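Printed here is work27.pdb (PDB, C-alpha atoms):
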ATOM      1  CA  MET U   1     142.863  79.985-163.298
ATOM      2  CA  PRO U   2     139.198  80.080-162.295
ATOM      3  CA  LEU U   3     136.862  82.984-161.850
ATOM      4  CA  TYR U   4     136.630  83.283-158.073
ATOM      5  CA  ILE U   5     132.893  83.984-157.902
ATOM      6  CA  ASP U   6     130.521  81.314-156.574
ATOM      7  CA  ASP U   7     127.725  80.166-158.870
ATOM      8  CA  GLU U   8     125.222  80.958-156.126
ATOM      9  CA  ILE U   9     126.297  84.604-156.134
ATOM     10  CA  ILE U  10     126.107  84.727-159.924
ATOM     11  CA  ASP U  11     122.569  83.312-159.960
ATOM     12  CA  LYS U  12     121.420  85.634-157.193
ATOM     13  CA  ARG U  13     123.000  88.825-158.508
ATOM     14  CA  ILE U  14     122.242  88.849-162.244
ATOM     15  CA  CYS U  15     119.498  87.851-164.660
ATOM     16  CA  ALA U  16     119.299  84.280-165.945
ATOM     17  CA  SER U  17     120.631  84.813-169.478
ATOM     18  CA  VAL U  18     123.672  86.766-168.300
ATOM     19  CA  ALA U  19     124.269  84.332-165.426
ATOM     20  CA  TYR U  20     124.276  81.432-167.886
ATOM     21  CA  ALA U  21     126.806  83.240-170.101
ATOM     22  CA  LEU U  22     129.078  84.133-167.178
ATOM     23  CA  LYS U  23     129.091  80.577-165.855
ATOM     24  CA  ALA U  24     129.996  79.361-169.347
ATOM     25  CA  ILE U  25     132.915  81.809-169.335
ATOM     26  CA  LYS U  26     133.896  80.654-165.855
ATOM     27  CA  TYR U  27     134.004  76.988-166.832
ATOM     28  CA  GLU U  28     135.835  77.627-170.094
ATOM     29  CA  MET U  29     138.591  79.695-168.483
ATOM     30  CA  GLN U  30     139.183  77.529-165.422
ATOM     31  CA  ASP U  31     142.068  75.550-166.939
ATOM     32  CA  TYR U  32     143.920  78.561-168.328
ATOM     33  CA  ALA U  33     145.928  81.513-167.112
ATOM     34  CA  VAL U  34     143.438  84.285-167.721
ATOM     35  CA  THR U  35     144.958  87.118-169.720
ATOM     36  CA  PRO U  36     143.074  90.225-170.866
ATOM     37  CA  SER U  37     143.065  88.819-174.413
ATOM     38  CA  LEU U  38     141.470  85.543-173.323
ATOM     39  CA  ALA U  39     138.946  87.398-171.181
ATOM     40  CA  LEU U  40     137.988  89.643-174.107
ATOM     41  CA  ALA U  41     137.614  86.667-176.454
ATOM     42  CA  LEU U  42     135.250  84.935-174.027
ATOM     43  CA  ILE U  43     133.298  88.139-173.383
ATOM     44  CA  LYS U  44     132.777  88.537-177.122
ATOM     45  CA  LYS U  45     131.815  84.877-177.488
ATOM     46  CA  TYR U  46     129.202  84.786-174.742
ATOM     47  CA  PHE U  47     128.007  88.344-174.096
ATOM     48  CA  LEU U  48     127.835  89.924-177.548
ATOM     49  CA  PRO U  49     125.058  87.555-178.698
ATOM     50  CA  LEU U  50     122.950  88.949-175.845
ATOM     51  CA  LEU U  51     123.437  92.563-176.941
ATOM     52  CA  PRO U  52     121.984  94.483-179.888
ATOM     53  CA  GLY U  53     124.608  95.451-182.461
ATOM     54  CA  GLU U  54     124.668  99.091-181.366
ATOM     55  CA  TYR U  55     126.434  98.034-178.157
ATOM     56  CA  HIS U  56     129.129  95.888-179.791
ATOM     57  CA  ASP U  57     131.577  98.635-180.748
ATOM     58  CA  SER U  58     133.058  99.114-177.289
ATOM     59  CA  PHE U  59     134.300  95.496-177.450
ATOM     60  CA  LEU U  60     135.025  95.122-181.156
ATOM     61  CA  LYS U  61     137.300  98.176-181.178
ATOM     62  CA  LEU U  62     139.541  96.728-178.465
ATOM     63  CA  LYS U  63     142.724  95.386-180.033
ATOM     64  CA  GLN U  64     145.798  95.380-177.798
ATOM     65  CA  VAL U  65     143.730  94.945-174.684
ATOM     66  CA  SER U  66     144.825  95.427-171.076
ATOM     67  CA  TRP U  67     142.855  94.909-167.881
ATOM     68  CA  GLY U  68     142.420  98.671-167.694
ATOM     69  CA  LYS U  69     141.100  98.972-171.252
ATOM     70  CA  LEU U  70     138.820  95.975-170.770
ATOM     71  CA  HIS U  71     137.448  97.398-167.552
ATOM     72  CA  TRP U  72     136.713 100.659-169.351
ATOM     73  CA  SER U  73     133.933  98.837-171.210
ATOM     74  CA  TYR U  74     132.310  98.324-167.790
ATOM     75  CA  SER U  75     132.060 102.093-167.326
ATOM     76  CA  GLY U  76     130.902 102.475-170.914
ATOM     77  CA  LEU U  77     128.039 100.025-170.452
ATOM     78  CA  ILE U  78     126.967 101.707-167.214
ATOM     79  CA  SER U  79     126.879 105.067-169.007
ATOM     80  CA  MET U  80     124.910 103.629-171.937
ATOM     81  CA  SER U  81     122.455 101.942-169.582
ATOM     82  CA  PHE U  82     121.173 105.383-168.533
ATOM     83  CA  LYS U  83     119.244 105.615-171.785
ATOM     84  CA  ALA U  84     118.849 101.944-172.680
ATOM     85  CA  GLY U  85     115.185 101.663-171.715
ATOM     86  CA  ASP U  86     114.150  98.018-171.410
ATOM     87  CA  LEU U  87     117.769  96.934-171.897
ATOM     88  CA  ARG U  88     118.928  98.735-168.781
ATOM     89  CA  GLU U  89     119.090  95.638-166.554
ATOM     90  CA  LEU U  90     120.851  93.607-169.237
ATOM     91  CA  LEU U  91     123.587  96.213-169.709
ATOM     92  CA  GLU U  92     124.064  96.654-165.976
ATOM     93  CA  ASP U  93     124.363  92.898-165.445
ATOM     94  CA  ILE U  94     126.889  92.451-168.247
ATOM     95  CA  ALA U  95     128.831  95.428-166.883
ATOM     96  CA  ALA U  96     128.904  93.771-163.445
ATOM     97  CA  CYS U  97     130.234  90.575-165.031
ATOM     98  CA  ILE U  98     133.030  92.452-166.785
ATOM     99  CA  ASP U  99     133.992  94.031-163.475
ATOM    100  CA  TRP U 100     134.097  90.584-161.854
ATOM    101  CA  ILE U 101     136.179  89.098-164.675
ATOM    102  CA  CYS U 102     138.680  91.962-164.474
ATOM    103  CA  ARG U 103     139.017  91.723-160.710
ATOM    104  CA  TYR U 104     138.285  88.161-159.578
ATOM    105  CA  THR U 105     140.331  86.021-161.959
ATOM    106  CA  THR U 106     143.165  86.114-159.434
ATOM    107  CA  LEU U 107     143.588  85.857-155.681
ATOM    108  CA  PRO U 108     143.759  88.199-153.952
ATOM    109  CA  PRO U 109     141.473  90.159-156.297
ATOM    110  CA  ARG U 110     142.973  92.931-158.358
ATOM    111  CA  GLU U 111     142.533  96.390-156.929
ATOM    112  CA  PRO U 112     139.560  98.320-158.321
ATOM    113  CA  ILE U 113     140.709  99.877-161.564
ATOM    114  CA  VAL U 114     140.768 103.665-161.571
ATOM    115  CA  PHE U 115     140.700 105.670-164.783
ATOM    116  CA  ASP U 116     142.183 109.058-165.447
ATOM    117  CA  ASN U 117     139.467 111.560-166.297
ATOM    118  CA  LEU U 118     136.615 109.179-165.459
ATOM    119  CA  GLU U 119     134.871 112.013-163.651
ATOM    120  CA  VAL U 120     135.187 114.247-166.722
ATOM    121  CA  ASN U 121     133.672 111.587-168.971
ATOM    122  CA  ILE U 122     130.754 110.989-166.618
ATOM    123  CA  PHE U 123     130.185 114.734-166.181
ATOM    124  CA  LEU U 124     129.991 115.183-169.955
ATOM    125  CA  ASP U 125     127.858 112.046-170.367
ATOM    126  CA  ILE U 126     125.262 113.347-167.921
ATOM    127  CA  TYR U 127     124.989 116.636-169.770
ATOM    128  CA  ARG U 128     124.791 114.856-173.117
ATOM    129  CA  PHE U 129     122.007 112.677-171.787
ATOM    130  CA  LEU U 130     120.134 115.777-170.612
ATOM    131  CA  LYS U 131     120.726 117.284-174.068
ATOM    132  CA  ILE U 132     122.668 120.223-172.617
ATOM    133  CA  GLU U 133     125.925 121.072-174.355
ATOM    134  CA  VAL U 134     128.902 121.912-172.126
ATOM    135  CA  ALA U 135     131.783 120.196-173.917
ATOM    136  CA  HIS U 136     132.547 123.382-175.851
ATOM    137  CA  LEU U 137     133.238 125.147-172.538
ATOM    138  CA  ARG U 138     136.108 122.848-171.639
ATOM    139  CA  TYR U 139     138.977 124.524-173.487
ATOM    140  CA  LEU U 140     140.304 128.082-173.611
ATOM    141  CA  ASP U 141     143.097 129.732-175.598
ATOM    142  CA  GLY U 142     142.239 127.948-178.810
ATOM    143  CA  GLY U 143     142.191 124.533-177.169
ATOM    144  CA  LYS U 144     145.506 124.927-175.342
ATOM    145  CA  PHE U 145     144.083 125.331-171.827
ATOM    146  CA  ASP U 146     141.885 122.606-170.306
ATOM    147  CA  VAL U 147     139.600 124.031-167.620
ATOM    148  CA  PHE U 148     138.653 120.497-166.525
ATOM    149  CA  LYS U 149     142.249 119.471-165.908
ATOM    150  CA  ALA U 150     143.417 118.976-162.330
ATOM    151  CA  CYS U 151     146.456 117.923-160.359
ATOM    152  CA  LYS U 152     146.492 114.143-160.128
ATOM    153  CA  TYR U 153     146.665 114.430-156.337
ATOM    154  CA  CYS U 154     143.944 117.036-155.701
ATOM    155  CA  TRP U 155     141.474 119.468-157.289
ATOM    156  CA  ARG U 156     143.802 122.339-158.197
ATOM    157  CA  GLN U 157     144.995 123.311-161.651
ATOM    158  CA  PRO U 158     148.412 121.759-162.362
ATOM    159  CA  VAL U 159     151.593 123.642-163.070
ATOM    160  CA  PRO U 160     151.739 124.420-166.826
ATOM    161  CA  LYS U 161     152.963 121.385-168.814
ATOM    162  CA  ARG U 162     152.887 119.156-165.729
ATOM    163  CA  LYS U 163     150.365 116.812-164.092
ATOM    164  CA  ILE U 164     150.677 118.124-160.540
ATOM    165  CA  CYS U 165     149.967 121.441-158.884
ATOM    166  CA  VAL U 166     152.518 123.679-157.231
ATOM    167  CA  LEU U 167     151.618 122.352-153.769
ATOM    168  CA  HIS U 168     152.553 118.828-154.777
ATOM    169  CA  THR U 169     155.785 119.410-156.639
ATOM    170  CA  ALA U 170     158.653 117.451-155.148
ATOM    171  CA  SER U 171     161.097 120.340-155.297
ATOM    172  CA  SER U 172     161.524 123.612-153.462
ATOM    173  CA  LYS U 173     162.033 125.777-156.536
ATOM    174  CA  HIS U 174     158.615 127.406-156.134
ATOM    175  CA  ILE U 175     158.027 130.119-153.597
ATOM    176  CA  ALA U 176     155.706 129.583-150.657
ATOM    177  CA  ILE U 177     152.033 129.341-151.497
ATOM    178  CA  GLN U 178     149.210 130.568-149.334
ATOM    179  CA  SER U 179     146.065 128.544-149.917
ATOM    180  CA  ILE U 180     143.327 129.916-147.672
ATOM    181  CA  GLY U 181     143.104 132.427-144.869
ATOM    182  CA  ASN U 182     146.418 132.759-143.102
ATOM    183  CA  GLU U 183     147.557 129.191-143.691
ATOM    184  CA  SER U 184     150.767 129.151-145.681
ATOM    185  CA  LEU U 185     153.069 126.468-146.934
ATOM    186  CA  ASP U 186     156.803 126.736-146.453
ATOM    187  CA  ALA U 187     158.800 125.936-149.555
ATOM    188  CA  SER U 188     160.848 123.473-147.527
ATOM    189  CA  SER U 189     157.780 121.272-147.024
ATOM    190  CA  HIS U 190     157.073 120.581-150.714
ATOM    191  CA  PHE U 191     158.714 117.161-150.687
ATOM    192  CA  THR U 192     156.723 116.175-147.591
ATOM    193  CA  ASN U 193     153.505 117.208-149.319
ATOM    194  CA  TYR U 194     154.452 115.229-152.417
ATOM    195  CA  LYS U 195     155.144 112.058-150.428
ATOM    196  CA  GLU U 196     151.917 112.412-148.458
ATOM    197  CA  ALA U 197     149.944 112.952-151.663
ATOM    198  CA  LYS U 198     151.440 109.799-153.180
ATOM    199  CA  ARG U 199     150.496 107.801-150.088
ATOM    200  CA  GLN U 200     146.849 108.780-150.299
ATOM    201  CA  LYS U 201     146.546 108.704-154.117
ATOM    202  CA  VAL U 202     144.891 105.272-154.343
ATOM    203  CA  THR U 203     142.352 106.080-151.638
ATOM    204  CA  TYR U 204     141.673 109.472-153.207
ATOM    205  CA  ASP U 205     140.958 107.915-156.611
ATOM    206  CA  GLN U 206     138.776 105.225-155.075
ATOM    207  CA  THR U 207     136.805 107.852-153.164
ATOM    208  CA  ILE U 208     136.108 109.745-156.387
ATOM    209  CA  ASN U 209     134.865 106.500-157.918
ATOM    210  CA  GLN U 210     132.673 105.750-154.911
ATOM    211  CA  ILE U 211     131.020 109.165-155.055
ATOM    212  CA  LEU U 212     130.512 108.877-158.812
ATOM    213  CA  THR U 213     129.062 105.378-158.538
ATOM    214  CA  LYS U 214     126.664 106.334-155.765
ATOM    215  CA  GLU U 215     125.439 109.481-157.479
ATOM    216  CA  THR U 216     125.162 108.123-161.018
ATOM    217  CA  LEU U 217     123.214 105.096-159.800
ATOM    218  CA  ALA U 218     120.892 107.360-157.802
ATOM    219  CA  PHE U 219     120.423 109.499-160.915
ATOM    220  CA  HIS U 220     119.664 106.379-162.901
ATOM    221  CA  ASN U 221     117.312 104.806-160.350
ATOM    222  CA  ALA U 222     115.352 108.050-159.988
ATOM    223  CA  ASN U 223     114.593 108.008-163.718
ATOM    224  CA  PHE U 224     117.128 110.803-164.211
ATOM    225  CA  ASP U 225     115.309 113.154-161.855
ATOM    226  CA  ASP U 226     117.899 113.063-159.063
ATOM    227  CA  PRO U 227     119.691 116.429-158.680
ATOM    228  CA  ILE U 228     123.162 115.118-159.470
ATOM    229  CA  LEU U 229     124.377 118.377-161.032
ATOM    230  CA  LEU U 230     124.900 121.755-159.417
ATOM    231  CA  PRO U 231     121.551 123.609-159.350
ATOM    232  CA  THR U 232     121.070 127.248-160.269
ATOM    233  CA  GLU U 233     119.120 127.942-157.070
ATOM    234  CA  ASN U 234     119.439 126.753-153.471
ATOM    235  CA  ILE U 235     123.064 125.852-154.108
ATOM    236  CA  TRP U 236     123.903 125.879-150.409
ATOM    237  CA  SER U 237     121.317 123.179-149.644
ATOM    238  CA  TRP U 238     122.688 121.042-152.474
ATOM    239  CA  LEU U 239     126.221 121.572-151.208
ATOM    240  CA  LEU U 240     125.333 120.568-147.648
ATOM    241  CA  GLU U 241     123.779 117.343-148.908
ATOM    242  CA  ARG U 242     126.189 116.428-151.699
ATOM    243  CA  ARG U 243     129.526 118.016-150.743
ATOM    244  CA  PRO U 244     129.407 118.484-146.957
ATOM    245  CA  PHE U 245     133.178 118.678-146.468
ATOM    246  CA  ALA U 246     133.481 121.438-149.055
ATOM    247  CA  ALA U 247     130.514 123.177-147.441
ATOM    248  CA  GLN U 248     132.287 123.069-144.095
ATOM    249  CA  LEU U 249     135.163 125.066-145.570
ATOM    250  CA  ILE U 250     132.763 127.887-146.388
ATOM    251  CA  ILE U 251     131.532 127.817-142.795
ATOM    252  CA  ASP U 252     135.074 127.699-141.416
ATOM    253  CA  MET U 253     136.140 130.668-143.537
ATOM    254  CA  ASN U 254     132.940 132.624-142.873
ATOM    255  CA  GLN U 255     132.103 132.938-146.565
ATOM    256  CA  SER U 256     128.725 133.842-148.061
ATOM    257  CA  THR U 257     126.262 131.068-148.908
ATOM    258  CA  GLU U 258     123.887 133.216-150.971
ATOM    259  CA  ASP U 259     123.235 131.909-154.477
ATOM    260  CA  ASP U 260     124.743 134.974-156.139
ATOM    261  CA  LYS U 261     127.931 134.773-154.054
ATOM    262  CA  ILE U 262     128.509 131.115-153.254
ATOM    263  CA  ILE U 263     130.542 130.334-156.388
ATOM    264  CA  ASN U 264     132.932 133.131-155.437
ATOM    265  CA  SER U 265     133.020 131.715-151.908
ATOM    266  CA  LEU U 266     133.925 128.249-153.150
ATOM    267  CA  LEU U 267     136.622 129.527-155.467
ATOM    268  CA  SER U 268     137.989 131.658-152.655
ATOM    269  CA  VAL U 269     138.462 128.720-150.291
ATOM    270  CA  LEU U 270     139.433 126.113-152.878
ATOM    271  CA  HIS U 271     141.197 127.749-155.778
ATOM    272  CA  SER U 272     142.640 131.164-154.954
ATOM    273  CA  PRO U 273     146.238 130.759-153.763
ATOM    274  CA  THR U 274     148.509 133.694-153.057
ATOM    275  CA  ASN U 275     152.271 134.200-153.157
ATOM    276  CA  LEU U 276     152.623 132.628-156.598
ATOM    277  CA  THR U 277     154.515 133.963-159.561
ATOM    278  CA  GLU U 278     152.401 135.335-162.403
ATOM    279  CA  THR U 279     153.078 132.248-164.534
ATOM    280  CA  LEU U 280     151.957 129.842-161.822
ATOM    281  CA  LEU U 281     148.949 131.958-160.909
ATOM    282  CA  GLN U 282     147.559 132.233-164.444
ATOM    283  CA  PRO U 283     145.899 128.767-164.544
ATOM    284  CA  TYR U 284     143.981 129.631-161.379
ATOM    285  CA  ILE U 285     142.885 133.012-162.732
ATOM    286  CA  LYS U 286     141.733 131.567-166.067
ATOM    287  CA  THR U 287     139.834 128.724-164.431
ATOM    288  CA  ASN U 288     138.172 130.910-161.814
ATOM    289  CA  GLN U 289     137.061 133.537-164.311
ATOM    290  CA  HIS U 290     135.627 130.861-166.592
ATOM    291  CA  ILE U 291     133.758 129.154-163.749
ATOM    292  CA  LYS U 292     132.298 132.458-162.590
ATOM    293  CA  THR U 293     130.857 132.847-166.087
ATOM    294  CA  HIS U 294     129.744 129.195-166.260
ATOM    295  CA  PRO U 295     129.100 128.093-162.642
ATOM    296  CA  GLN U 296     128.040 124.558-163.597
ATOM    297  CA  LEU U 297     131.686 123.794-164.396
ATOM    298  CA  ILE U 298     132.650 123.924-160.715
ATOM    299  CA  TRP U 299     131.046 120.486-160.279
ATOM    300  CA  LEU U 300     134.293 118.686-161.122
ATOM    301  CA  MET U 301     136.332 120.790-158.714
ATOM    302  CA  LEU U 302     133.805 120.150-155.945
ATOM    303  CA  LEU U 303     133.836 116.405-156.598
ATOM    304  CA  ARG U 304     137.628 116.221-156.423
ATOM    305  CA  ALA U 305     137.846 118.481-153.380
ATOM    306  CA  GLU U 306     135.193 116.457-151.553
ATOM    307  CA  ALA U 307     137.017 113.207-152.305
ATOM    308  CA  TRP U 308     140.309 114.717-151.133
ATOM    309  CA  LEU U 309     138.762 116.038-147.918
ATOM    310  CA  ILE U 310     137.077 112.696-147.198
ATOM    311  CA  THR U 311     140.380 110.919-147.762
ATOM    312  CA  ARG U 312     142.251 113.325-145.541
ATOM    313  CA  ASN U 313     139.588 113.075-142.846
ATOM    314  CA  MET U 314     140.102 109.300-142.769
ATOM    315  CA  ARG U 315     143.815 109.863-142.211
ATOM    316  CA  LYS U 316     143.616 112.713-139.722
ATOM    317  CA  SER U 317     143.957 110.401-136.723
ATOM    318  CA  ASN U 318     147.615 110.117-137.744
ATOM    319  CA  TRP U 319     148.185 113.848-137.513
ATOM    320  CA  GLY U 320     149.768 115.630-134.609
ATOM    321  CA  GLY U 321     146.610 117.739-134.236
ATOM    322  CA  ASN U 322     143.062 117.922-135.483
ATOM    323  CA  ARG U 323     143.268 121.012-137.699
ATOM    324  CA  ARG U 324     142.258 120.443-141.309
ATOM    325  CA  ASP U 325     145.171 121.451-143.531
ATOM    326  CA  LEU U 326     144.433 122.076-147.199
ATOM    327  CA  ASN U 327     148.076 122.441-148.099
ATOM    328  CA  THR U 328     149.103 118.778-148.364
TER     329      THR U 328
END
Please re-express this file's structure in structure tokens.
Amino acid sequence: MPLYIDDEIIDKRICASVAYALKAIKYEMQDYAVTPSLALALIKKYFLPLLPGEYHDSFLKLKQVSWGKLHWSYSGLISMSFKAGDLRELLEDIAACIDWICRYTTLPPREPIVFDNLEVNIFLDIYRFLKIEVAHLRYLDGGKFDVFKACKYCWRQPVPKRKICVLHTASSKHIAIQSIGNESLDASSHFTNYKEAKRQKVTYDQTINQILTKETLAFHNANFDDPILLPTENIWSWLLERRPFAAQLIIDMNQSTEDDKIINSLLSVLHSPTNLTETLLQPYIKTNQHIKTHPQLIWLMLLRAEAWLITRNMRKSNWGGNRRDLNT
């Protein structure tokens, strides 16, 4: 099974040493069914000699490898390239090759691989690179409550001990939830919301990845001077440029855009439901209070909300009307 990438593209896209290694991999694998194990063996054989030893661990530690685990090394190399100095291009090119091997050793190509918590890892990596510590702010209640955790279908905190929020549960056991303004969700519509969320899950995840890729590369290409993180001043200007759909919610709900009030405004429109039981409301209260104390932590919520709103905007032509509904 060949690698379905033309040699001309390989030579044009990546540096000569990496191109030579990738073409060697391509020719060696062409008579075999390419499994993750074979791909990893060839990556080690041809790419590791190009890399200093400090970058070998992400490959050497892989044992029972899957396409997902192998593709994770792509993200790892991209993250490490931020501070690789003269090795930046080499790491980026090898990362691109790993992405190609994971996706283009079959036809049609495999779907882009999406990782749980990729946005959390990148968020923490950026702060680590800037030598600012935020990892200790992640957990509350002695490590039992993860402020960075979110429903797998949106930006909201999930129901305790579950992976989805109350809006996306597939049952009607929860009472109606009111998300913003006077928009409320009937309990009878929970299953509809769950099905709709499942339909847009792949696009939602891909949109998060697209935003992350665009912004991390811009941060990288600007020699780490691009304002990728939430600023402490002129937040509204940053929001309009970086998270325009989330910004529009503040406009729609007539919320304040002043620096000392905008975090409250964002939490009000994104993460302050009503009509919940005390148990279901507690994750929202804990998260909101913590973010008000540490506003930089809202970055993850804004990223997820923006991706969700972009995804929903792409689908809105299928709606019966044009009103943006945050409750599905």
Note to self: Please return as a VMD selection string every residue within 12 Å of (137.3, 132.1, -165.6), taking into account only C-alpha atoms and the file's own coordinates.
What the structure shows: chain U and resid 137 to 141 145 to 148 263 to 264 267 271 to 272 282 to 295 297 to 298
Check: So, counting only C-alpha atoms, which residue among U:Cys151, U:Leu229, U:Val166, U:Leu130 is closest to U:Asn275?
Finding: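 Smallest distance to U:Asn275 is found for U:Val166.
What the PyMOL selection byres ((chain U and resi 163) around 8) matches in the given file is Ala150, Cys151, Lys152, Pro158, Val159, Lys161, Arg162, Ile164 and Cys165 of chain U.
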Where does the PyMOL selection byres ((chain U and resi 51) around 12) land in this file, that is, which residues does it pick, as an mmCIF file with C-alpha atoms, in the coordinates of the input?
data_model
loop_
_atom_site.group_PDB
_atom_site.id
_atom_site.type_symbol
_atom_site.label_atom_id
_atom_site.label_comp_id
_atom_site.auth_asym_id
_atom_site.auth_seq_id
_atom_site.Cartn_x
_atom_site.Cartn_y
_atom_site.Cartn_z
ATOM 1 C CA SER U 17 120.631 84.813 -169.478
ATOM 2 C CA VAL U 18 123.672 86.766 -168.300
ATOM 3 C CA ILE U 43 133.298 88.139 -173.383
ATOM 4 C CA LYS U 44 132.777 88.537 -177.122
ATOM 5 C CA LYS U 45 131.815 84.877 -177.488
ATOM 6 C CA TYR U 46 129.202 84.786 -174.742
ATOM 7 C CA PHE U 47 128.007 88.344 -174.096
ATOM 8 C CA LEU U 48 127.835 89.924 -177.548
ATOM 9 C CA PRO U 49 125.058 87.555 -178.698
ATOM 10 C CA LEU U 50 122.950 88.949 -175.845
ATOM 11 C CA PRO U 52 121.984 94.483 -179.888
ATOM 12 C CA GLY U 53 124.608 95.451 -182.461
ATOM 13 C CA GLU U 54 124.668 99.091 -181.366
ATOM 14 C CA TYR U 55 126.434 98.034 -178.157
ATOM 15 C CA HIS U 56 129.129 95.888 -179.791
ATOM 16 C CA ASP U 57 131.577 98.635 -180.748
ATOM 17 C CA SER U 58 133.058 99.114 -177.289
ATOM 18 C CA PHE U 59 134.300 95.496 -177.450
ATOM 19 C CA LEU U 77 128.039 100.025 -170.452
ATOM 20 C CA SER U 81 122.455 101.942 -169.582
ATOM 21 C CA ALA U 84 118.849 101.944 -172.680
ATOM 22 C CA LEU U 87 117.769 96.934 -171.897
ATOM 23 C CA ARG U 88 118.928 98.735 -168.781
ATOM 24 C CA GLU U 89 119.090 95.638 -166.554
ATOM 25 C CA LEU U 90 120.851 93.607 -169.237
ATOM 26 C CA LEU U 91 123.587 96.213 -169.709
ATOM 27 C CA GLU U 92 124.064 96.654 -165.976
ATOM 28 C CA ASP U 93 124.363 92.898 -165.445
ATOM 29 C CA ILE U 94 126.889 92.451 -168.247
ATOM 30 C CA ALA U 95 128.831 95.428 -166.883
#
Would you write out, as a short mmCIF file (atom, residue, chain, number, x, y, z; two decimals) with C-alpha atoms, keeping the file's coordinate frame, every residue that the PyMOL selection byres ((chain U and resi 306) around 8) captures in this file?
data_model
loop_
_atom_site.label_atom_id
_atom_site.label_comp_id
_atom_site.auth_asym_id
_atom_site.auth_seq_id
_atom_site.Cartn_x
_atom_site.Cartn_y
_atom_site.Cartn_z
CA ARG U 243 129.53 118.02 -150.74
CA PRO U 244 129.41 118.48 -146.96
CA PHE U 245 133.18 118.68 -146.47
CA ALA U 246 133.48 121.44 -149.06
CA LEU U 302 133.80 120.15 -155.94
CA LEU U 303 133.84 116.40 -156.60
CA ARG U 304 137.63 116.22 -156.42
CA ALA U 305 137.85 118.48 -153.38
CA ALA U 307 137.02 113.21 -152.30
CA TRP U 308 140.31 114.72 -151.13
CA LEU U 309 138.76 116.04 -147.92
CA ILE U 310 137.08 112.70 -147.20
#
